[in-house]
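Structure file run.pdb (PDB, C-alpha atoms) follows.
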ATOM      1  CA  MET A   1     125.770 110.173 244.523
ATOM      2  CA  GLU A   2     127.097 113.697 244.057
ATOM      3  CA  LEU A   3     129.384 113.187 247.033
ATOM      4  CA  PHE A   4     130.768 110.005 245.425
ATOM      5  CA  PHE A   5     131.472 111.777 242.103
ATOM      6  CA  GLY A   6     133.048 114.690 243.996
ATOM      7  CA  ILE A   7     135.444 112.334 245.800
ATOM      8  CA  VAL A   8     136.297 110.524 242.540
ATOM      9  CA  LEU A   9     136.967 113.858 240.827
ATOM     10  CA  LEU A  10     139.162 114.975 243.724
ATOM     11  CA  VAL A  11     141.173 111.710 243.587
ATOM     12  CA  LEU A  12     141.597 112.015 239.805
ATOM     13  CA  ALA A  13     142.747 115.638 240.102
ATOM     14  CA  ALA A  14     145.254 114.705 242.818
ATOM     15  CA  GLY A  15     146.494 111.813 240.660
ATOM     16  CA  MET A  16     147.035 114.153 237.700
ATOM     17  CA  VAL A  17     148.986 116.607 239.868
ATOM     18  CA  VAL A  18     151.207 113.783 241.133
ATOM     19  CA  LEU A  19     151.685 112.440 237.588
ATOM     20  CA  PHE A  20     152.734 115.820 236.208
ATOM     21  CA  ALA A  21     155.059 116.352 239.176
ATOM     22  CA  MET A  22     156.715 112.994 238.447
ATOM     23  CA  VAL A  23     157.111 113.833 234.733
ATOM     24  CA  GLY A  24     158.633 117.195 235.658
ATOM     25  CA  GLU A  25     161.089 115.548 238.044
ATOM     26  CA  LEU A  26     162.060 113.001 235.396
ATOM     27  CA  ALA A  27     162.557 115.731 232.794
ATOM     28  CA  SER A  28     164.811 117.682 235.148
ATOM     29  CA  ARG A  29     166.965 114.602 235.741
ATOM     30  CA  VAL A  30     167.186 113.556 232.109
ATOM     31  CA  GLY A  31     167.315 117.041 230.612
ATOM     32  CA  ASP A  32     167.262 118.039 226.987
ATOM     33  CA  PRO A  33     169.578 115.800 224.926
ATOM     34  CA  ALA A  34     170.605 118.767 222.752
ATOM     35  CA  SER A  35     171.724 120.737 225.798
ATOM     36  CA  ARG A  36     173.934 117.970 227.219
ATOM     37  CA  SER A  37     177.620 118.292 226.545
ATOM     38  CA  ARG A  38     179.029 115.721 224.206
ATOM     39  CA  SER A  39     181.774 113.395 225.276
ATOM     40  CA  VAL A  40     185.265 114.539 224.325
ATOM     41  CA  GLU A  41     186.466 110.950 224.405
ATOM     42  CA  VAL A  42     187.820 109.694 221.086
ATOM     43  CA  LEU A  43     187.874 105.909 220.860
ATOM     44  CA  PRO A  44     189.521 103.553 218.386
ATOM     45  CA  LEU A  45     187.199 101.651 216.074
ATOM     46  CA  ASP A  46     188.814  98.246 216.355
ATOM     47  CA  GLN A  47     187.122  96.384 213.512
ATOM     48  CA  ALA A  48     188.111  98.970 210.878
ATOM     49  CA  ARG A  49     190.667  98.018 208.247
ATOM     50  CA  VAL A  50     193.746  99.867 209.521
ATOM     51  CA  GLY A  51     196.587  99.749 206.994
ATOM     52  CA  HIS A  52     194.181  99.320 204.092
ATOM     53  CA  VAL A  53     194.547 101.308 200.868
ATOM     54  CA  PRO A  54     191.136 101.804 199.226
ATOM     55  CA  ALA A  55     190.834 100.262 195.764
ATOM     56  CA  GLY A  56     189.152 103.392 194.466
ATOM     57  CA  TRP A  57     187.871 106.763 195.578
ATOM     58  CA  PRO A  58     184.526 108.327 194.720
ATOM     59  CA  ASP A  59     184.942 111.444 192.558
ATOM     60  CA  GLY A  60     184.165 113.847 195.401
ATOM     61  CA  LEU A  61     186.848 112.326 197.651
ATOM     62  CA  ALA A  62     189.723 111.743 195.216
ATOM     63  CA  ALA A  63     191.841 114.488 196.842
ATOM     64  CA  LEU A  64     191.812 112.626 200.169
ATOM     65  CA  GLY A  65     193.420 109.555 198.628
ATOM     66  CA  ALA A  66     196.409 111.621 197.511
ATOM     67  CA  ALA A  67     196.716 113.786 200.642
ATOM     68  CA  ASP A  68     199.601 113.386 203.051
ATOM     69  CA  GLY A  69     197.172 113.671 205.969
ATOM     70  CA  ALA A  70     193.397 113.522 205.747
ATOM     71  CA  VAL A  71     190.389 112.908 207.960
ATOM     72  CA  LEU A  72     187.358 111.308 206.363
ATOM     73  CA  LEU A  73     184.285 111.836 208.521
ATOM     74  CA  VAL A  74     181.468 109.306 208.297
ATOM     75  CA  LEU A  75     178.088 110.856 209.092
ATOM     76  CA  SER A  76     174.618 109.395 208.668
ATOM     77  CA  THR A  77     171.300 110.989 207.830
ATOM     78  CA  VAL A  78     169.592 108.988 210.612
ATOM     79  CA  CYS A  79     172.106 109.814 213.360
ATOM     80  CA  ASN A  80     171.117 112.564 215.820
ATOM     81  CA  THR A  81     174.718 113.208 216.853
ATOM     82  CA  CYS A  82     175.667 113.499 213.173
ATOM     83  CA  ARG A  83     172.988 116.162 212.675
ATOM     84  CA  GLN A  84     174.391 118.072 215.651
ATOM     85  CA  LEU A  85     177.973 117.797 214.357
ATOM     86  CA  ALA A  86     177.240 118.604 210.699
ATOM     87  CA  PRO A  87     177.128 122.435 211.108
ATOM     88  CA  GLU A  88     180.436 122.338 213.010
ATOM     89  CA  VAL A  89     181.966 120.223 210.258
ATOM     90  CA  ALA A  90     180.687 122.589 207.544
ATOM     91  CA  ALA A  91     182.231 125.530 209.416
ATOM     92  CA  LEU A  92     185.628 123.869 208.936
ATOM     93  CA  ALA A  93     185.402 124.117 205.139
ATOM     94  CA  GLY A  94     188.602 125.573 203.762
ATOM     95  CA  THR A  95     190.630 124.971 206.941
ATOM     96  CA  GLY A  96     191.913 121.507 206.015
ATOM     97  CA  GLY A  97     195.348 121.090 204.549
ATOM     98  CA  VAL A  98     196.508 124.455 205.982
ATOM     99  CA  ASP A  99     198.962 125.064 208.859
ATOM    100  CA  GLY A 100     199.383 121.378 209.670
ATOM    101  CA  ARG A 101     195.653 120.677 209.723
ATOM    102  CA  PRO A 102     194.578 117.537 207.894
ATOM    103  CA  LEU A 103     192.416 117.745 204.803
ATOM    104  CA  LEU A 104     188.772 117.057 205.699
ATOM    105  CA  GLY A 105     186.253 115.067 203.719
ATOM    106  CA  VAL A 106     182.782 113.741 204.500
ATOM    107  CA  VAL A 107     180.926 110.576 203.594
ATOM    108  CA  VAL A 108     177.195 110.760 204.238
ATOM    109  CA  THR A 109     175.612 107.336 204.544
ATOM    110  CA  CYS A 110     171.911 107.259 203.794
ATOM    111  CA  GLY A 111     168.969 105.141 202.721
ATOM    112  CA  ASN A 112     168.636 106.847 199.347
ATOM    113  CA  ALA A 113     170.509 109.415 197.282
ATOM    114  CA  ASP A 114     167.849 112.106 197.762
ATOM    115  CA  SER A 115     168.058 112.038 201.559
ATOM    116  CA  GLY A 116     171.858 112.101 201.377
ATOM    117  CA  ALA A 117     171.887 115.059 198.977
ATOM    118  CA  GLU A 118     169.376 116.886 201.187
ATOM    119  CA  PHE A 119     171.576 116.290 204.269
ATOM    120  CA  VAL A 120     174.643 117.633 202.429
ATOM    121  CA  ALA A 121     172.761 120.724 201.204
ATOM    122  CA  THR A 122     170.961 121.416 204.509
ATOM    123  CA  TYR A 123     174.164 121.473 206.537
ATOM    124  CA  GLY A 124     176.443 123.075 203.937
ATOM    125  CA  LEU A 125     178.680 120.036 203.632
ATOM    126  CA  ASP A 126     178.956 120.633 199.891
ATOM    127  CA  ARG A 127     181.786 123.083 200.675
ATOM    128  CA  LEU A 128     183.956 120.096 201.661
ATOM    129  CA  PRO A 129     185.036 117.095 199.611
ATOM    130  CA  HIS A 130     182.087 114.766 200.070
ATOM    131  CA  HIS A 131     180.366 111.624 198.868
ATOM    132  CA  VAL A 132     176.797 110.415 199.358
ATOM    133  CA  ASP A 133     177.104 106.712 200.134
ATOM    134  CA  VAL A 134     173.744 105.002 199.652
ATOM    135  CA  ALA A 135     173.372 102.144 202.164
ATOM    136  CA  GLY A 136     176.945 102.783 203.322
ATOM    137  CA  ASP A 137     178.247 100.384 200.674
ATOM    138  CA  TRP A 138     181.537 102.169 199.975
ATOM    139  CA  VAL A 139     182.414 102.894 203.631
ATOM    140  CA  GLN A 140     181.578  99.353 204.692
ATOM    141  CA  GLY A 141     183.361  97.735 201.769
ATOM    142  CA  GLU A 142     186.559  99.788 201.984
ATOM    143  CA  PHE A 143     186.898 100.430 205.705
ATOM    144  CA  ASP A 144     184.547  97.949 207.446
ATOM    145  CA  ILE A 145     182.845 100.827 209.257
ATOM    146  CA  HIS A 146     179.216 100.273 210.202
ATOM    147  CA  THR A 147     178.608 103.119 212.664
ATOM    148  CA  SER A 148     178.544 106.898 212.802
ATOM    149  CA  PRO A 149     179.853 109.377 213.584
ATOM    150  CA  ALA A 150     183.235 107.903 212.796
ATOM    151  CA  ALA A 151     186.476 109.172 211.321
ATOM    152  CA  VAL A 152     189.008 107.485 209.099
ATOM    153  CA  LEU A 153     192.510 108.948 209.339
ATOM    154  CA  LEU A 154     194.518 108.643 206.144
ATOM    155  CA  ALA A 155     198.186 109.149 205.392
ATOM    156  CA  ALA A 156     199.205 108.911 201.727
ATOM    157  CA  GLY A 157     195.960 107.074 200.963
ATOM    158  CA  ARG A 158     196.481 104.395 203.626
ATOM    159  CA  VAL A 159     194.188 104.033 206.662
ATOM    160  CA  ARG A 160     196.205 105.082 209.686
ATOM    161  CA  ALA A 161     193.340 104.774 212.217
ATOM    162  CA  ALA A 162     189.570 104.752 212.584
ATOM    163  CA  LEU A 163     187.916 106.541 215.486
ATOM    164  CA  LEU A 164     184.536 107.028 217.140
ATOM    165  CA  PHE A 165     183.818 110.548 218.370
ATOM    166  CA  ASP A 166     181.127 112.941 219.592
ATOM    167  CA  ASP A 167     183.150 116.161 219.626
ATOM    168  CA  ILE A 168     184.776 117.534 216.466
ATOM    169  CA  ALA A 169     187.457 119.573 218.298
ATOM    170  CA  ALA A 170     188.545 116.533 220.329
ATOM    171  CA  LEU A 171     188.610 114.429 217.167
ATOM    172  CA  LEU A 172     190.755 116.918 215.257
ATOM    173  CA  ALA A 173     193.209 117.253 218.140
ATOM    174  CA  ARG A 174     193.570 113.464 218.374
ATOM    175  CA  SER A 175     193.785 113.168 214.573
ATOM    176  CA  VAL A 176     196.751 115.534 214.391
ATOM    177  CA  GLN A 177     198.512 113.503 217.102
ATOM    178  CA  ILE A 178     197.930 110.216 215.298
ATOM    179  CA  LEU A 179     198.841 111.531 211.865
ATOM    180  CA  ASP A 180     202.058 113.070 213.239
ATOM    181  CA  GLU A 181     203.125 109.775 214.868
ATOM    182  CA  GLN A 182     205.666 107.881 212.813
ATOM    183  CA  GLN A 183     204.481 104.368 212.006
ATOM    184  CA  PRO A 184     206.868 101.395 212.467
ATOM    185  CA  GLU A 185     206.906 100.563 208.736
ATOM    186  CA  GLU A 186     207.824 104.210 207.999
ATOM    187  CA  VAL A 187     210.810 104.047 210.372
ATOM    188  CA  ALA A 188     212.202 101.070 208.441
ATOM    189  CA  ARG A 189     212.149 102.944 205.115
TER     190      ARG A 189
END

Would you mind giving the structure from this file in structure tokens?
Amino acid sequence: MELFFGIVLLVLAAGMVVLFAMVGELASRVGDPASRSRSVEVLPLDQARVGHVPAGWPDGLAALGAADGAVLLVLSTVCNTCRQLAPEVAALAGTGGVDGRPLLGVVVTCGNADSGAEFVATYGLDRLPHHVDVAGDWVQGEFDIHTSPAAVLLAAGRVRAALLFDDIAALLARSVQILDEQQPEEVAR
């Protein structure tokens, strides 16, 4: 009987070694999501309301509606990529609207006002024009945006483009290109 239990114990120990080896191999292939580089691809958000002029602006974002060139970032409290981008966005406070850079603003979509306010405070987004958008009602109603992170590019209060992004530097570079492009209706004026 002792021989039987010894063999069973040996098989179980070997199985555990193999299992841990497989988990280690899987972890090395998948890696840590935080350590992976983000895509620098910036994609158009086709369903967004390009050309739209919002009916109204929340108090914290009123300056964006009047700006000649602005980028409104849409972040969410439940989005992992948004949490990774938020410190980079906060570091840009005070750089918008200077030397050809567009004015930056942030909308934080959230389940409730407390979680949105906590997100803004935690990441220092209160140094930028911002709005806590409970349930995403304003962003969805004005721009038809239902995903994050996203960016709405504005020129004189009108939506010039909406973009999906994972890298803030790539987004800003593409934003400057788009905002500098002359639109067909502007050529006719």

The PyMOL selection byres ((chain A and resi 40) around 7) applied to the shown file, residues as a PyMOL selection string:
chain A and resi 38-39+41-42+166-167+170

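Using all atoms listed in the file, the nearest neighbour of Arg101 in chain A within the list A:Val53, A:Gln47, A:Ala13, A:Ala67 is A:Ala67.
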
On this file, the PyMOL selection byres ((chain A and resi 152-155) around 6) gives some set of residues; write that set as a short mmCIF file (atom, residue, chain, number, x, y, z; two decimals) with C-alpha atoms, in the frame of the given file.
data_model
loop_
_atom_site.label_atom_id
_atom_site.label_comp_id
_atom_site.auth_asym_id
_atom_site.auth_seq_id
_atom_site.Cartn_x
_atom_site.Cartn_y
_atom_site.Cartn_z
CA ASP A 68 199.60 113.39 203.05
CA GLY A 69 197.17 113.67 205.97
CA ALA A 70 193.40 113.52 205.75
CA VAL A 71 190.39 112.91 207.96
CA LEU A 72 187.36 111.31 206.36
CA ALA A 151 186.48 109.17 211.32
CA ALA A 156 199.20 108.91 201.73
CA GLY A 157 195.96 107.07 200.96
CA ARG A 158 196.48 104.40 203.63
CA VAL A 159 194.19 104.03 206.66
CA ARG A 160 196.20 105.08 209.69
CA ALA A 161 193.34 104.77 212.22
CA ALA A 162 189.57 104.75 212.58
#

Which residue of A:Ala90, A:Leu43, A:Val50, A:Val8 approaches Gly124 in chain A most closely, using all atoms listed in the file:
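Under the stated criterion, the closest residue is A:Ala90.
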
Work out how far apart CA of Arg127 in chain A and CA of Pro44 in chain A are and give it in Å to one decimal.
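Value for the CA of Arg127 in chain A-CA of Pro44 in chain A distance: 27.5 Å.
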
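With CA of Ser76 in chain A on one side and CA of Ser148 in chain A on the other, the separation reads 6.2 Å.
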
In Å, with one decimal, what is the gap from CA of Gln84 in chain A to CA of Ala63 in chain A?
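Between these atoms lies a distance of 25.9 Å.
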
May I ask which of the residues A:Pro129, A:Pro149, A:Gly15, A:Gly136 is the closest one to Leu85 in chain A, counting all atoms listed in the file?
A:Pro149

Please write as a VMD selection string the full residue list that the PyMOL selection byres ((chain A and resi 74) around 12) yields on this file.
chain A and resid 71 to 73 75 to 77 79 81 to 83 85 to 86 89 104 to 110 130 to 133 136 138 to 140 143 to 153 162 to 166

Compare A:Leu103, A:Leu92, A:Val17, A:Ala55 by their minimum atom-to-atom distance to Val176 in chain A, counting all atoms listed in the file, and give me the closest one.
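Of all the options, A:Leu103 lies closest to Val176 in chain A.
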